[in-house]
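Asker: Before I ask anything, let me first share the structure, which is written out below as structure tokens.
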Amino acid sequence: MIRPNTRLAAVETPIIPTIAGLVRNNPGTISLGQGVVNYAPPAQAIASLSSLMSDPSLHKYLGVSGHPGLVEAIQQKLVTDNHVQLGTDAMLMVTAGSNMAFLNADLAVADPGDEFILPMTFYFNQEMAIRMCGCTPVPVPTHADWSLDVQAMAAAITPRTRAIVTVSPNNPTGAVYSEASLRAINALCAQHGLYHFSDEAYEYFTYEGVKHFSPASIPGAMNHTLSFYSMSKNYGMASWRVGYVVFPANLFDAMNKVQDTNLICAPMPSQLLALQALQKGKPWVEPKVAALSQVRQTVYQALEGLGDLVQFPKTQGAFYVLMKLPGLAEGTEPIAFNRAMTEKFKVATIPGFAFGLTQTHKANYQRLSYGALEAASVAEGVQRYVAAVQDWYRHY
């Protein structure tokens, strides 16, 4: 008998493929599940790839940290949009998506048995990555509006704590953490000799005048702050797999080892597309975020039709609503609600148990994404969702 792998057995099965399977098995289903945008990268950027890839040198292994032109463009973007100047304290690495950057960083900073503090609710791929590295995720409750509870996070620190993770704007809640709370978390990390992992994949997706804040812009924060960014959301490049991470310079040896072993370098066509997209910059993204803001209002108005059946803070970021529905009956399979929605009402969302909200008999949380489809499809999908909820709880 071959000894089974117990480390990966402790990692939950990814929820996105599970929900995607339900969607495939029920043709005509509108998916309000996966967190992607409904637009493609800039057309001119895609059209330029053929000529850009004509250089024979680009077909060989290239630098671990990224294409020089892209690295330079990202550095300029960081200064302009994030007020982050690398200097000598920090370095930049381009990865195949920010999920890879996060896993690279986990491996670079932590030993098996170390702990990572995660505000509840957490982004499931990060919790999975922590467990894959033999480390322990430590979920810490947030406030009722999903804002950070800094005191609770401070109380969760132990001698095994290695990092505190924040995701702002947040997946799955859409919360935009305040500058004050992010400064407090960053100071907490500095005080206790911890790393601050700051996931900023949704940095451009804020509404109602709310501003995104990058903790690495705090003077002195570079020495203990790792900042994760993605091209997937801002520029519609989800399948192209390009992300990047800013990290303390003294971690380069460890980060280099992980990157060279796992990837060598991010795919060159994807890096070149990212470079062309960054030349369009934030002004190219802003009209798309403005359009999403209108969709967001439509979603909120439709959900209000559920009355007392639903509770959800109206958050100001990303493109998610995380809503609380009444708990499922004791003994009910947690996925049963989602299965019924797809089979009977042809609509799909992501169950909250994937984000750590596992007590489904007390509350049935669901994450709805309004970014992936055209406005009309989202509106129809939400109406189906409302009907599905009313049907499920008709005897509540």
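Residue names in the structure tokens use chain letters A, B, ... in the order shown, residue numbers from 1 in each chain, and ligand numbers from 1 in the order shown.
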With only C-alpha atoms as the counted atoms, please give the residues lying no more than 8 Å from region 150-159 of chain A, apart from itself and same-chain residues fewer than 2 positions off, as a PyMOL selection string.
Answerer: chain A and resi 117+119+138+140-141+148+161+181+184-185+188
Asker: Which polymer residues have any atom within 6 Å of an atom of region 355-361 of chain A, counting only C-alpha atoms, with same-chain residues fewer than 2 positions away left out, as a list of chain:residue names?
Answerer: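 Residues near the query, excluding close chain neighbours: A:Thr121, A:Phe122, A:Tyr123, A:Phe124, A:Gly327, A:Leu328, A:Ala329, A:Glu330, A:Gly352, A:Phe353, A:Ala363, A:Asn364.
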Asker: Just list the residues in region 134-254 of chain A DSSP gives alpha helix (DSSP H) on the backbone, as a list in words.
Answerer: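 Put together, the selection reads Val150, Gln151, Ala152, Met153, Ala154, Ala155, Glu179, Ala180, Ser181, Leu182, Arg183, Ala184, Ile185, Asn186, Ala187, Leu188, Cys189, Ala190, Gln191, His192, Phe252, Asp253 and Ala254 of chain A.
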Asker: Please provide the set of residues having any atom within 12 Å of Arg160 (chain A), restricted to only C-alpha atoms, with same-chain residues fewer than 5 positions apart removed, written as a list in words.
Answerer: Ala110, Asp111, Pro112, Gly113, Asp114, Glu115, Phe116, Ile117, Cys135, Thr136, Pro137, Val138, His192, Gly193 and Leu194 of chain A
Asker: Would you save the residues from that selection as a compact mmCIF listing (two decimals), in the first residue's frame, using N, CA and C atoms?
Answerer:
```
# COMPACT_ATOMS: atom_id res chain seq x y z
N ALA A 110 7.49 31.28 5.47
CA ALA A 110 6.97 30.48 6.57
C ALA A 110 7.55 29.08 6.62
N ASP A 111 7.57 28.52 7.82
CA ASP A 111 7.92 27.12 8.05
C ASP A 111 6.63 26.35 8.38
N PRO A 112 6.62 25.03 8.15
CA PRO A 112 5.45 24.24 8.54
C PRO A 112 5.11 24.46 10.02
N GLY A 113 3.84 24.64 10.27
CA GLY A 113 3.38 24.90 11.63
C GLY A 113 3.19 26.37 11.95
N ASP A 114 3.70 27.26 11.10
CA ASP A 114 3.49 28.69 11.31
C ASP A 114 2.03 29.05 11.05
N GLU A 115 1.63 30.22 11.55
CA GLU A 115 0.24 30.65 11.46
C GLU A 115 0.11 31.92 10.63
N PHE A 116 -0.99 32.00 9.90
CA PHE A 116 -1.36 33.19 9.13
C PHE A 116 -2.74 33.65 9.61
N ILE A 117 -2.84 34.90 10.04
CA ILE A 117 -4.11 35.44 10.50
C ILE A 117 -4.90 35.96 9.30
N CYS A 135 1.08 25.11 6.86
CA CYS A 135 0.86 26.15 7.87
C CYS A 135 -0.61 26.16 8.29
N THR A 136 -0.92 27.01 9.27
CA THR A 136 -2.26 27.02 9.85
C THR A 136 -2.93 28.37 9.62
N PRO A 137 -4.07 28.40 8.93
CA PRO A 137 -4.85 29.63 8.83
C PRO A 137 -5.59 29.89 10.13
N VAL A 138 -5.58 31.13 10.58
CA VAL A 138 -6.27 31.50 11.83
C VAL A 138 -7.32 32.55 11.49
N HIS A 192 5.23 43.42 16.12
CA HIS A 192 5.40 42.02 16.52
C HIS A 192 6.35 41.24 15.60
N GLY A 193 7.01 41.91 14.67
CA GLY A 193 7.92 41.22 13.78
C GLY A 193 7.22 40.27 12.83
N LEU A 194 6.08 40.71 12.29
CA LEU A 194 5.30 39.90 11.36
C LEU A 194 5.29 40.54 9.98
```
Asker: Determine the nearest neighbour of Ser230 (chain A) from the options A:Pro326, A:Gly317, A:Pro172, A:Gly243, counting only C-alpha atoms.
Answerer: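 With only C-alpha atoms as the atom set, the closest residue is A:Gly243.
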Asker: When you count only C-alpha atoms, which of these residues is closest to His143 (chain A): A:Tyr177, A:Trp392, A:Glu127, A:Ser31?
Answerer: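 Closest to His143 (chain A) of all the choices is A:Tyr177.
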Asker: Can you pull out the residues contacting Gly69 (chain A)? Cut-off 9 Å, using only C-alpha atoms, and skip same-chain residues under 5 positions away; I want them as a PyMOL selection string.
Answerer: chain A and resi 74+272+275
Asker: What residues in region 1-192 of chain A get the DSSP label strand (DSSP E)? Please answer as a ChimeraX atom specification.
Answerer: /A:30-31,90-95,115-119,136-140,161-167
Asker: For the residues in the current selection, export N, CA and C atoms as a PDB file, in the first residue's frame.
Answerer:
```
ATOM      1  N   ILE A  30     -27.639  31.043 -15.568  1.00  0.00           N
ATOM      2  CA  ILE A  30     -26.874  32.290 -15.464  1.00  0.00           C
ATOM      3  C   ILE A  30     -25.983  32.179 -14.240  1.00  0.00           C
ATOM      4  N   SER A  31     -24.689  32.276 -14.450  1.00  0.00           N
ATOM      5  CA  SER A  31     -23.755  32.139 -13.338  1.00  0.00           C
ATOM      6  C   SER A  31     -23.396  33.503 -12.758  1.00  0.00           C
ATOM      7  N   ALA A  90      12.700  47.268  -1.344  1.00  0.00           N
ATOM      8  CA  ALA A  90      11.729  46.309  -1.864  1.00  0.00           C
ATOM      9  C   ALA A  90      12.071  45.919  -3.287  1.00  0.00           C
ATOM     10  N   MET A  91      11.526  44.777  -3.698  1.00  0.00           N
ATOM     11  CA  MET A  91      11.734  44.273  -5.046  1.00  0.00           C
ATOM     12  C   MET A  91      10.384  43.874  -5.632  1.00  0.00           C
ATOM     13  N   LEU A  92      10.408  43.617  -6.937  1.00  0.00           N
ATOM     14  CA  LEU A  92       9.200  43.301  -7.682  1.00  0.00           C
ATOM     15  C   LEU A  92       9.397  41.987  -8.419  1.00  0.00           C
ATOM     16  N   MET A  93       8.356  41.157  -8.455  1.00  0.00           N
ATOM     17  CA  MET A  93       8.417  39.908  -9.206  1.00  0.00           C
ATOM     18  C   MET A  93       7.093  39.703  -9.936  1.00  0.00           C
ATOM     19  N   VAL A  94       7.182  39.405 -11.227  1.00  0.00           N
ATOM     20  CA  VAL A  94       6.006  39.106 -12.037  1.00  0.00           C
ATOM     21  C   VAL A  94       5.756  37.601 -11.977  1.00  0.00           C
ATOM     22  N   THR A  95       4.512  37.225 -11.734  1.00  0.00           N
ATOM     23  CA  THR A  95       4.154  35.817 -11.570  1.00  0.00           C
ATOM     24  C   THR A  95       2.998  35.462 -12.504  1.00  0.00           C
ATOM     25  N   GLU A 115       1.632  30.216  11.545  1.00  0.00           N
ATOM     26  CA  GLU A 115       0.240  30.648  11.457  1.00  0.00           C
ATOM     27  C   GLU A 115       0.107  31.920  10.629  1.00  0.00           C
ATOM     28  N   PHE A 116      -0.994  32.004   9.895  1.00  0.00           N
ATOM     29  CA  PHE A 116      -1.363  33.193   9.134  1.00  0.00           C
ATOM     30  C   PHE A 116      -2.737  33.653   9.614  1.00  0.00           C
ATOM     31  N   ILE A 117      -2.835  34.900  10.035  1.00  0.00           N
ATOM     32  CA  ILE A 117      -4.110  35.439  10.496  1.00  0.00           C
ATOM     33  C   ILE A 117      -4.898  35.958   9.299  1.00  0.00           C
ATOM     34  N   LEU A 118      -6.149  35.501   9.175  1.00  0.00           N
ATOM     35  CA  LEU A 118      -7.027  35.876   8.071  1.00  0.00           C
ATOM     36  C   LEU A 118      -8.307  36.495   8.620  1.00  0.00           C
ATOM     37  N   PRO A 119      -8.650  37.719   8.230  1.00  0.00           N
ATOM     38  CA  PRO A 119      -9.962  38.253   8.622  1.00  0.00           C
ATOM     39  C   PRO A 119     -11.071  37.400   8.004  1.00  0.00           C
ATOM     40  N   THR A 136      -0.923  27.005   9.267  1.00  0.00           N
ATOM     41  CA  THR A 136      -2.262  27.020   9.852  1.00  0.00           C
ATOM     42  C   THR A 136      -2.935  28.366   9.624  1.00  0.00           C
ATOM     43  N   PRO A 137      -4.069  28.395   8.934  1.00  0.00           N
ATOM     44  CA  PRO A 137      -4.846  29.633   8.835  1.00  0.00           C
ATOM     45  C   PRO A 137      -5.593  29.886  10.131  1.00  0.00           C
ATOM     46  N   VAL A 138      -5.577  31.130  10.584  1.00  0.00           N
ATOM     47  CA  VAL A 138      -6.267  31.500  11.831  1.00  0.00           C
ATOM     48  C   VAL A 138      -7.317  32.553  11.486  1.00  0.00           C
ATOM     49  N   PRO A 139      -8.568  32.136  11.256  1.00  0.00           N
ATOM     50  CA  PRO A 139      -9.621  33.104  10.927  1.00  0.00           C
ATOM     51  C   PRO A 139      -9.980  33.954  12.140  1.00  0.00           C
ATOM     52  N   VAL A 140     -10.148  35.245  11.918  1.00  0.00           N
ATOM     53  CA  VAL A 140     -10.501  36.183  12.991  1.00  0.00           C
ATOM     54  C   VAL A 140     -11.745  36.955  12.556  1.00  0.00           C
ATOM     55  N   THR A 161       2.709  32.983  14.894  1.00  0.00           N
ATOM     56  CA  THR A 161       2.174  33.841  13.837  1.00  0.00           C
ATOM     57  C   THR A 161       3.303  34.346  12.945  1.00  0.00           C
ATOM     58  N   ARG A 162       3.089  34.236  11.645  1.00  0.00           N
ATOM     59  CA  ARG A 162       4.098  34.690  10.688  1.00  0.00           C
ATOM     60  C   ARG A 162       3.633  35.903   9.896  1.00  0.00           C
ATOM     61  N   ALA A 163       2.320  35.994   9.643  1.00  0.00           N
ATOM     62  CA  ALA A 163       1.813  37.103   8.820  1.00  0.00           C
ATOM     63  C   ALA A 163       0.345  37.349   9.111  1.00  0.00           C
ATOM     64  N   ILE A 164      -0.071  38.570   8.832  1.00  0.00           N
ATOM     65  CA  ILE A 164      -1.486  38.934   8.815  1.00  0.00           C
ATOM     66  C   ILE A 164      -1.842  39.251   7.368  1.00  0.00           C
ATOM     67  N   VAL A 165      -2.940  38.670   6.897  1.00  0.00           N
ATOM     68  CA  VAL A 165      -3.375  38.835   5.511  1.00  0.00           C
ATOM     69  C   VAL A 165      -4.572  39.774   5.464  1.00  0.00           C
ATOM     70  N   THR A 166      -4.517  40.778   4.595  1.00  0.00           N
ATOM     71  CA  THR A 166      -5.693  41.607   4.324  1.00  0.00           C
ATOM     72  C   THR A 166      -5.957  41.605   2.828  1.00  0.00           C
ATOM     73  N   VAL A 167      -7.225  41.608   2.461  1.00  0.00           N
ATOM     74  CA  VAL A 167      -7.649  41.675   1.061  1.00  0.00           C
ATOM     75  C   VAL A 167      -8.583  42.873   0.940  1.00  0.00           C
TER      76      VAL A 167
END
```
Asker: Between A:Asp260, A:Glu343, A:Asp106, A:Asp149, which residue has the minimum interatomic distance to Met132 (chain A), considering only C-alpha atoms?
Answerer: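 Closest to Met132 (chain A) of all the choices is A:Asp106.
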Asker: Compile the contact shell of His59 (chain A) as a ChimeraX atom specification: residues with an atom at most 10 Å away, counting only C-alpha atoms, same-chain residues fewer than 6 positions apart removed.
Answerer: /A:53,267-269
Asker: Suppose you want the space between CA of Leu226 (chain A) and CA of Cys133 (chain A); what is it in Å?
Answerer: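 Computing it gives 17.5 Å between the two atoms.
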Asker: My list of candidates is A:Ile218, A:Val321, A:Leu292, A:Ala129. Which is closest to Ala375 (chain A) when distances are computed with only C-alpha atoms?
Answerer: A:Leu292
Asker: Considering only C-alpha atoms, return as number ranges by chain whatever protein or nucleic-acid residues lie within 12 Å of Val299 (chain A), sequence-local ones (same chain, fewer than 2 positions apart) excluded.
Answerer: A: 32, 292-297, 301-306, 312, 314, 319-323, 368-371, 375-386
